[in-house]
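Below: start.pdb (PDB, C-alpha atoms, pLDDT in the B column)
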```pdb
ATOM      1  CA  MET A   1      -3.211 -97.685 122.846  1.00 38.00           C
ATOM      2  CA  SER A   2      -3.041 -97.528 119.077  1.00 38.00           C
ATOM      3  CA  ALA A   3       0.250 -97.655 117.221  1.00 41.00           C
ATOM      4  CA  LEU A   4      -0.344 -94.152 115.906  1.00 44.00           C
ATOM      5  CA  SER A   5      -0.673 -92.594 119.337  1.00 36.00           C
ATOM      6  CA  ALA A   6       2.299 -94.568 120.659  1.00 39.00           C
ATOM      7  CA  LEU A   7       4.829 -92.973 118.341  1.00 46.00           C
ATOM      8  CA  PRO A   8       5.706 -89.325 118.981  1.00 43.00           C
ATOM      9  CA  PHE A   9       6.253 -88.563 115.296  1.00 46.00           C
ATOM     10  CA  LEU A  10       2.746 -89.802 114.464  1.00 53.00           C
ATOM     11  CA  LYS A  11       0.789 -88.403 117.410  1.00 43.00           C
ATOM     12  CA  PRO A  12      -2.474 -86.710 116.468  1.00 39.00           C
ATOM     13  CA  PRO A  13      -2.151 -82.913 116.667  1.00 39.00           C
ATOM     14  CA  HIS A  14      -4.540 -82.592 119.630  1.00 38.00           C
ATOM     15  CA  LEU A  15      -2.279 -84.818 121.763  1.00 40.00           C
ATOM     16  CA  ARG A  16       0.944 -82.940 121.105  1.00 45.00           C
ATOM     17  CA  SER A  17       2.361 -80.538 123.657  1.00 46.00           C
ATOM     18  CA  PRO A  18       1.709 -76.892 122.777  1.00 47.00           C
ATOM     19  CA  ARG A  19       4.704 -74.870 121.725  1.00 46.00           C
ATOM     20  CA  SER A  20       5.501 -71.703 123.578  1.00 44.00           C
ATOM     21  CA  SER A  21       6.133 -68.494 121.649  1.00 45.00           C
ATOM     22  CA  PRO A  22       7.802 -65.257 122.700  1.00 47.00           C
ATOM     23  CA  ARG A  23       5.415 -62.567 123.855  1.00 52.00           C
ATOM     24  CA  GLY A  24       4.325 -60.282 121.080  1.00 50.00           C
ATOM     25  CA  GLN A  25       5.184 -62.760 118.329  1.00 51.00           C
ATOM     26  CA  ARG A  26       2.580 -64.566 116.313  1.00 52.00           C
ATOM     27  CA  ARG A  27       2.482 -68.306 116.953  1.00 53.00           C
ATOM     28  CA  HIS A  28       2.947 -70.631 114.017  1.00 50.00           C
ATOM     29  CA  THR A  29      -0.150 -72.717 113.381  1.00 58.00           C
ATOM     30  CA  LEU A  30       1.743 -75.424 111.474  1.00 59.00           C
ATOM     31  CA  PRO A  31       4.611 -77.508 112.888  1.00 67.00           C
ATOM     32  CA  ALA A  32       7.964 -76.985 111.193  1.00 84.00           C
ATOM     33  CA  SER A  33       8.258 -80.721 110.549  1.00 89.00           C
ATOM     34  CA  GLU A  34       5.543 -83.359 110.910  1.00 94.00           C
ATOM     35  CA  PHE A  35       5.202 -87.042 110.098  1.00 96.00           C
ATOM     36  CA  ARG A  36       1.719 -88.494 109.749  1.00 97.00           C
ATOM     37  CA  CYS A  37      -0.285 -91.052 107.837  1.00 98.00           C
ATOM     38  CA  LEU A  38      -1.723 -89.760 104.588  1.00 98.00           C
ATOM     39  CA  SER A  39      -5.401 -89.326 103.765  1.00 97.00           C
ATOM     40  CA  PRO A  40      -7.290 -89.323 100.439  1.00 98.00           C
ATOM     41  CA  GLU A  41      -7.167 -85.517 100.584  1.00 98.00           C
ATOM     42  CA  ASP A  42      -3.372 -85.747 100.144  1.00 98.00           C
ATOM     43  CA  ALA A  43      -3.671 -87.760  96.913  1.00 98.00           C
ATOM     44  CA  ILE A  44      -3.082 -84.911  94.461  1.00 97.00           C
ATOM     45  CA  SER A  45       0.018 -83.668  96.299  1.00 97.00           C
ATOM     46  CA  VAL A  46       1.307 -87.245  96.420  1.00 97.00           C
ATOM     47  CA  PHE A  47       0.749 -87.762  92.705  1.00 96.00           C
ATOM     48  CA  GLU A  48       2.447 -84.493  91.733  1.00 96.00           C
ATOM     49  CA  ILE A  49       5.612 -85.478  93.622  1.00 96.00           C
ATOM     50  CA  GLU A  50       5.539 -89.040  92.310  1.00 95.00           C
ATOM     51  CA  ARG A  51       4.950 -88.016  88.690  1.00 93.00           C
ATOM     52  CA  GLU A  52       7.884 -85.611  88.685  1.00 91.00           C
ATOM     53  CA  ALA A  53      10.158 -88.141  90.405  1.00 89.00           C
ATOM     54  CA  PHE A  54       9.440 -91.143  88.187  1.00 88.00           C
ATOM     55  CA  ILE A  55       8.311 -90.046  84.729  1.00 77.00           C
ATOM     56  CA  SER A  56      11.714 -88.682  83.694  1.00 68.00           C
ATOM     57  CA  VAL A  57      13.511 -91.793  84.994  1.00 68.00           C
ATOM     58  CA  SER A  58      11.204 -94.729  84.261  1.00 68.00           C
ATOM     59  CA  GLY A  59       8.593 -93.226  81.954  1.00 71.00           C
ATOM     60  CA  ASP A  60       5.733 -94.215  84.269  1.00 80.00           C
ATOM     61  CA  CYS A  61       4.574 -93.899  87.882  1.00 85.00           C
ATOM     62  CA  PRO A  62       4.342 -96.811  90.338  1.00 89.00           C
ATOM     63  CA  LEU A  63       0.845 -95.587  91.242  1.00 94.00           C
ATOM     64  CA  HIS A  64      -1.547 -93.492  89.180  1.00 94.00           C
ATOM     65  CA  LEU A  65      -3.847 -90.976  90.850  1.00 96.00           C
ATOM     66  CA  ASP A  66      -6.828 -93.334  91.084  1.00 97.00           C
ATOM     67  CA  GLU A  67      -4.589 -96.036  92.594  1.00 97.00           C
ATOM     68  CA  ILE A  68      -3.205 -93.594  95.152  1.00 98.00           C
ATOM     69  CA  ARG A  69      -6.752 -92.708  96.194  1.00 98.00           C
ATOM     70  CA  HIS A  70      -7.615 -96.418  96.244  1.00 98.00           C
ATOM     71  CA  PHE A  71      -4.857 -97.291  98.745  1.00 98.00           C
ATOM     72  CA  LEU A  72      -5.315 -94.161 100.861  1.00 98.00           C
ATOM     73  CA  ASN A  73      -8.967 -95.101 101.264  1.00 98.00           C
ATOM     74  CA  LEU A  74      -8.324 -98.793 101.979  1.00 97.00           C
ATOM     75  CA  CYS A  75      -5.213 -98.654 104.165  1.00 98.00           C
ATOM     76  CA  PRO A  76      -4.118 -95.116 105.061  1.00 98.00           C
ATOM     77  CA  GLU A  77      -2.392 -96.530 108.154  1.00 97.00           C
ATOM     78  CA  LEU A  78       0.232 -98.071 105.843  1.00 98.00           C
ATOM     79  CA  SER A  79       1.260 -94.698 104.446  1.00 98.00           C
ATOM     80  CA  LEU A  80       3.546 -92.047 105.876  1.00 98.00           C
ATOM     81  CA  GLY A  81       4.021 -88.453 104.790  1.00 98.00           C
ATOM     82  CA  TRP A  82       6.690 -85.944 105.775  1.00 97.00           C
ATOM     83  CA  PHE A  83       5.347 -82.396 105.937  1.00 97.00           C
ATOM     84  CA  GLU A  84       7.366 -79.194 106.255  1.00 94.00           C
ATOM     85  CA  GLU A  85       5.215 -76.276 107.429  1.00 92.00           C
ATOM     86  CA  GLY A  86       2.164 -78.063 106.089  1.00 93.00           C
ATOM     87  CA  ARG A  87       3.690 -78.910 102.710  1.00 95.00           C
ATOM     88  CA  LEU A  88       4.187 -82.545 101.691  1.00 97.00           C
ATOM     89  CA  VAL A  89       7.859 -83.113 100.886  1.00 96.00           C
ATOM     90  CA  ALA A  90       8.190 -86.921 100.925  1.00 97.00           C
ATOM     91  CA  PHE A  91       5.943 -89.949 101.313  1.00 98.00           C
ATOM     92  CA  ILE A  92       5.612 -93.732 101.365  1.00 98.00           C
ATOM     93  CA  ILE A  93       2.508 -95.692 100.395  1.00 98.00           C
ATOM     94  CA  GLY A  94       2.080 -99.352 101.319  1.00 98.00           C
ATOM     95  CA  SER A  95      -0.541-102.095 101.435  1.00 98.00           C
ATOM     96  CA  LEU A  96      -0.762-105.615 102.833  1.00 98.00           C
ATOM     97  CA  TRP A  97       0.195-108.709 100.884  1.00 98.00           C
ATOM     98  CA  ASP A  98      -0.339-112.368 101.802  1.00 97.00           C
ATOM     99  CA  GLN A  99       2.178-114.286  99.685  1.00 97.00           C
ATOM    100  CA  ASP A 100       5.909-114.979 100.071  1.00 97.00           C
ATOM    101  CA  ARG A 101       6.788-113.034  96.932  1.00 98.00           C
ATOM    102  CA  LEU A 102       5.167-110.203  95.010  1.00 98.00           C
ATOM    103  CA  SER A 103       3.106-110.936  91.908  1.00 97.00           C
ATOM    104  CA  GLN A 104       1.389-108.748  89.332  1.00 95.00           C
ATOM    105  CA  GLU A 105      -1.723-108.649  91.535  1.00 96.00           C
ATOM    106  CA  ALA A 106       0.270-107.010  94.316  1.00 97.00           C
ATOM    107  CA  LEU A 107       0.390-103.792  92.281  1.00 95.00           C
ATOM    108  CA  THR A 108      -3.318-103.134  92.812  1.00 95.00           C
ATOM    109  CA  LEU A 109      -4.557-105.319  95.696  1.00 96.00           C
ATOM    110  CA  HIS A 110      -4.649-104.843  99.464  1.00 97.00           C
ATOM    111  CA  LYS A 111      -4.893-108.147 101.370  1.00 97.00           C
ATOM    112  CA  PRO A 112      -6.215-107.288 104.876  1.00 97.00           C
ATOM    113  CA  GLN A 113      -5.165-110.677 106.280  1.00 96.00           C
ATOM    114  CA  GLY A 114      -1.616-110.369 104.985  1.00 97.00           C
ATOM    115  CA  THR A 115       1.461-109.981 107.167  1.00 96.00           C
ATOM    116  CA  ALA A 116       3.788-108.504 104.541  1.00 98.00           C
ATOM    117  CA  VAL A 117       3.702-104.761 103.906  1.00 98.00           C
ATOM    118  CA  HIS A 118       4.202-104.085 100.216  1.00 98.00           C
ATOM    119  CA  ILE A 119       5.865-100.680  99.826  1.00 98.00           C
ATOM    120  CA  HIS A 120       4.554 -99.405  96.518  1.00 98.00           C
ATOM    121  CA  VAL A 121       6.428 -96.141  96.350  1.00 97.00           C
ATOM    122  CA  LEU A 122       8.797 -93.819  98.182  1.00 97.00           C
ATOM    123  CA  ALA A 123       9.279 -90.382  96.644  1.00 96.00           C
ATOM    124  CA  VAL A 124      10.799 -87.049  97.682  1.00 96.00           C
ATOM    125  CA  HIS A 125       9.921 -83.639  96.291  1.00 95.00           C
ATOM    126  CA  ARG A 126      12.644 -82.399  93.915  1.00 92.00           C
ATOM    127  CA  THR A 127      13.416 -79.369  96.126  1.00 91.00           C
ATOM    128  CA  PHE A 128      14.275 -81.642  99.065  1.00 91.00           C
ATOM    129  CA  ARG A 129      16.331 -84.350  97.359  1.00 90.00           C
ATOM    130  CA  GLN A 130      19.988 -85.065  98.123  1.00 89.00           C
ATOM    131  CA  GLN A 131      19.319 -84.222 101.776  1.00 91.00           C
ATOM    132  CA  GLY A 132      18.893 -87.761 103.140  1.00 93.00           C
ATOM    133  CA  LYS A 133      15.139 -87.379 103.516  1.00 96.00           C
ATOM    134  CA  GLY A 134      14.374 -90.644 101.714  1.00 96.00           C
ATOM    135  CA  SER A 135      16.534 -92.644 104.135  1.00 96.00           C
ATOM    136  CA  ILE A 136      15.116 -90.853 107.180  1.00 96.00           C
ATOM    137  CA  LEU A 137      11.541 -91.395 106.045  1.00 97.00           C
ATOM    138  CA  MET A 138      12.149 -95.093 105.385  1.00 98.00           C
ATOM    139  CA  TRP A 139      13.747 -95.491 108.833  1.00 97.00           C
ATOM    140  CA  ARG A 140      10.727 -93.891 110.500  1.00 97.00           C
ATOM    141  CA  TYR A 141       8.353 -96.009 108.436  1.00 98.00           C
ATOM    142  CA  LEU A 142      10.091 -99.233 109.446  1.00 97.00           C
ATOM    143  CA  GLN A 143      10.010 -98.176 113.110  1.00 96.00           C
ATOM    144  CA  TYR A 144       6.296 -97.567 112.733  1.00 96.00           C
ATOM    145  CA  LEU A 145       5.723-100.986 111.130  1.00 97.00           C
ATOM    146  CA  ARG A 146       7.382-102.624 114.138  1.00 95.00           C
ATOM    147  CA  CYS A 147       4.527-101.312 116.268  1.00 94.00           C
ATOM    148  CA  LEU A 148       1.851-102.887 114.051  1.00 95.00           C
ATOM    149  CA  PRO A 149       1.063-106.338 115.475  1.00 94.00           C
ATOM    150  CA  PHE A 150       0.193-107.842 112.098  1.00 94.00           C
ATOM    151  CA  ALA A 151       3.339-106.685 110.253  1.00 96.00           C
ATOM    152  CA  ARG A 152       6.107-109.262 109.918  1.00 96.00           C
ATOM    153  CA  ARG A 153       8.133-107.979 106.969  1.00 97.00           C
ATOM    154  CA  ALA A 154       8.295-105.261 104.342  1.00 98.00           C
ATOM    155  CA  LEU A 155       8.582-106.038 100.638  1.00 98.00           C
ATOM    156  CA  LEU A 156       9.367-103.808  97.696  1.00 98.00           C
ATOM    157  CA  MET A 157      10.561-104.017  94.122  1.00 97.00           C
ATOM    158  CA  CYS A 158      12.998-101.603  92.546  1.00 95.00           C
ATOM    159  CA  GLU A 159      15.237-101.141  89.548  1.00 93.00           C
ATOM    160  CA  ASP A 160      18.876-102.217  89.758  1.00 95.00           C
ATOM    161  CA  PHE A 161      20.266 -98.735  90.367  1.00 94.00           C
ATOM    162  CA  LEU A 162      18.169 -98.354  93.549  1.00 95.00           C
ATOM    163  CA  VAL A 163      19.327-101.606  95.168  1.00 98.00           C
ATOM    164  CA  PRO A 164      22.287 -99.985  97.021  1.00 97.00           C
ATOM    165  CA  PHE A 165      19.985 -97.330  98.500  1.00 97.00           C
ATOM    166  CA  TYR A 166      17.583 -99.903  99.909  1.00 98.00           C
ATOM    167  CA  GLN A 167      20.428-102.103 101.122  1.00 98.00           C
ATOM    168  CA  LYS A 168      21.643 -99.152 103.192  1.00 97.00           C
ATOM    169  CA  CYS A 169      18.124 -99.005 104.649  1.00 97.00           C
ATOM    170  CA  GLY A 170      18.476-102.646 105.763  1.00 97.00           C
ATOM    171  CA  PHE A 171      16.691-104.424 102.904  1.00 98.00           C
ATOM    172  CA  LYS A 172      18.043-107.659 101.450  1.00 98.00           C
ATOM    173  CA  ALA A 173      17.675-108.659  97.815  1.00 98.00           C
ATOM    174  CA  LEU A 174      15.536-111.737  97.149  1.00 98.00           C
ATOM    175  CA  GLY A 175      16.366-111.884  93.451  1.00 97.00           C
ATOM    176  CA  PRO A 176      14.513-110.941  90.272  1.00 97.00           C
ATOM    177  CA  CYS A 177      10.882-109.980  90.815  1.00 97.00           C
ATOM    178  CA  GLU A 178       8.081-111.739  88.975  1.00 96.00           C
ATOM    179  CA  VAL A 179       6.433-108.389  88.335  1.00 95.00           C
ATOM    180  CA  THR A 180       7.208-106.460  85.161  1.00 90.00           C
ATOM    181  CA  VAL A 181       5.885-103.115  83.968  1.00 87.00           C
ATOM    182  CA  GLY A 182       6.258-102.784  80.222  1.00 84.00           C
ATOM    183  CA  GLU A 183       9.922-103.472  79.496  1.00 86.00           C
ATOM    184  CA  LEU A 184      11.025-102.679  83.046  1.00 88.00           C
ATOM    185  CA  ALA A 185      12.348-105.493  85.246  1.00 93.00           C
ATOM    186  CA  PHE A 186      12.814-105.268  89.001  1.00 96.00           C
ATOM    187  CA  ILE A 187      14.713-106.716  91.945  1.00 97.00           C
ATOM    188  CA  GLU A 188      12.560-107.803  94.884  1.00 98.00           C
ATOM    189  CA  MET A 189      13.802-106.820  98.346  1.00 98.00           C
ATOM    190  CA  GLN A 190      12.746-107.654 101.889  1.00 98.00           C
ATOM    191  CA  HIS A 191      13.183-106.204 105.389  1.00 98.00           C
ATOM    192  CA  SER A 192      12.124-108.141 108.490  1.00 96.00           C
ATOM    193  CA  VAL A 193      10.088-106.247 111.072  1.00 93.00           C
ATOM    194  CA  ARG A 194       9.343-109.227 113.303  1.00 77.00           C
ATOM    195  CA  GLY A 195      11.082-110.229 116.509  1.00 49.00           C
ATOM    196  CA  HIS A 196      10.895-106.798 118.107  1.00 48.00           C
ATOM    197  CA  ALA A 197       8.855-107.715 121.176  1.00 46.00           C
ATOM    198  CA  PHE A 198      11.199-105.716 123.419  1.00 41.00           C
ATOM    199  CA  MET A 199      10.659-102.613 121.334  1.00 49.00           C
ATOM    200  CA  ARG A 200       6.882-103.081 121.416  1.00 47.00           C
ATOM    201  CA  ARG A 201       6.884-103.532 125.212  1.00 49.00           C
ATOM    202  CA  ASN A 202       8.911-100.404 125.747  1.00 50.00           C
ATOM    203  CA  SER A 203       7.292 -98.116 123.195  1.00 51.00           C
ATOM    204  CA  GLY A 204       3.694 -98.401 124.330  1.00 53.00           C
ATOM    205  CA  CYS A 205       2.698-100.169 121.112  1.00 55.00           C
TER     206      CYS A 205
END
```
Serialized structure, structure tokens:
Amino acid sequence: MSALSALPFLKPPHLRSPRSSPRGQRRHTLPASEFRCLSPEDAISVFEIEREAFISVSGDCPLHLDEIRHFLNLCPELSLGWFEEGRLVAFIIGSLWDQDRLSQEALTLHKPQGTAVHIHVLAVHRTFRQQGKGSILMWRYLQYLRCLPFARRALLMCEDFLVPFYQKCGFKALGPCEVTVGELAFIEMQHSVRGHAFMRRNSGC
């Protein structure tokens, strides 16, 4: 069984139980809330959310549109989107990395033999911020990574003001990151996803 089909919040639509609807009422064709891996077709929606979230704060986006398409073509299984009635409201995009710490190359490369998941970006649509959606999405993403046999840890880099948020998500600071973007400096953070054999045995992963 694949990791995707093992997790209820990532089950393909054709495997989900049909929802009943009262007689005489029209059935909704889209689930109220859905979590699934992203596809290249989602790239524009992803970029619109990311651009609005980051440009005003940092002056640049972690991933440009061509880079989003690049990662969603190479490793869509390392992404996760939160959809409300078919509309993307929050997302995470990741790729694999094969070194202990992130370097400048990690911004654009996917290393298929790597065991570290580099989380490039987490963003929430402006209408849905301040509702805890970022924390919920990260929690679900980390649960998902624990069902991927090759994943051992998650890495990310963030600005100082975001460190408390990621610490609440269970990440630990590793110190200053080697990577810089223009004048921006970052803290590198890590979350272990190894050592969860019991969870894998009991989740169908």
Near Leu72 (chain A), counting only C-alpha atoms, which residues have an atom at most 9 Å away, once you skip same-chain residues fewer than 5 positions from it, shown as JSON, numbers by chain? {"A": [38, 39, 40, 41, 42, 43, 67, 77, 78, 79, 93]}
Take the selection from the previous step and output its residues with C-alpha atoms, as a PDB file, keeping the file's coordinate frame.
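This is the output file selection.pdb:
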```pdb
ATOM      1  CA  LEU A  38      -1.723 -89.760 104.588  1.00 98.00           C
ATOM      2  CA  SER A  39      -5.401 -89.326 103.765  1.00 97.00           C
ATOM      3  CA  PRO A  40      -7.290 -89.323 100.439  1.00 98.00           C
ATOM      4  CA  GLU A  41      -7.167 -85.517 100.584  1.00 98.00           C
ATOM      5  CA  ASP A  42      -3.372 -85.747 100.144  1.00 98.00           C
ATOM      6  CA  ALA A  43      -3.671 -87.760  96.913  1.00 98.00           C
ATOM      7  CA  GLU A  67      -4.589 -96.036  92.594  1.00 97.00           C
ATOM      8  CA  GLU A  77      -2.392 -96.530 108.154  1.00 97.00           C
ATOM      9  CA  LEU A  78       0.232 -98.071 105.843  1.00 98.00           C
ATOM     10  CA  SER A  79       1.260 -94.698 104.446  1.00 98.00           C
ATOM     11  CA  ILE A  93       2.508 -95.692 100.395  1.00 98.00           C
TER      12      ILE A  93
END
```
Find the spatial neighbours of Gly81 (chain A), counting all atoms listed in the file, within a cut-off of 9 Å - ignore same-chain residues fewer than 2 positions away - and output them as a list in words. Glu34, Phe35, Arg36, Cys37, Leu38, Val46, Ser79, Phe83, Leu88, Val89, Ala90, Phe91, Ile92, Ile93 and Leu137 of chain A
Exactly which residues make up the result of the PyMOL selection byres ((chain A and resi 107-123) around 6) on this file, given as a list of chain:residue names? A:Glu50, A:Ala90, A:Phe91, A:Ile92, A:Ile93, A:Gly94, A:Ser95, A:Leu96, A:Trp97, A:Asp98, A:Gln104, A:Glu105, A:Ala106, A:Val124, A:Phe150, A:Ala151, A:Arg152, A:Arg153, A:Ala154, A:Leu155, A:Leu156
Please, what distance in Å, to one decimal, runs between CA of His125 (chain A) and CA of Gln190 (chain A)?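 For CA of His125 (chain A) relative to CA of Gln190 (chain A), the distance reads 24.8 Å.
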Selection under test: the PyMOL selection byres ((chain A and resi 171) around 7); residues as a list in words: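 For this structure, the PyMOL selection byres ((chain A and resi 171) around 7) captures Tyr166, Gln167, Cys169, Gly170, Lys172, Ala173, Met189, Gln190 and His191 of chain A.
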Residue with smallest distance to Thr127 (chain A) - pool A:Glu188, A:Glu178, A:Glu84, A:Asp66, counting all atoms listed in the file: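 When distances to Thr127 (chain A) are compared using all atoms listed in the file, the smallest one comes from A:Glu84.
Closest approach to Leu184 (chain A) among A:Leu74, A:Val163, A:Leu63, A:Cys158: A:Cys158, based on all atoms listed in the file.
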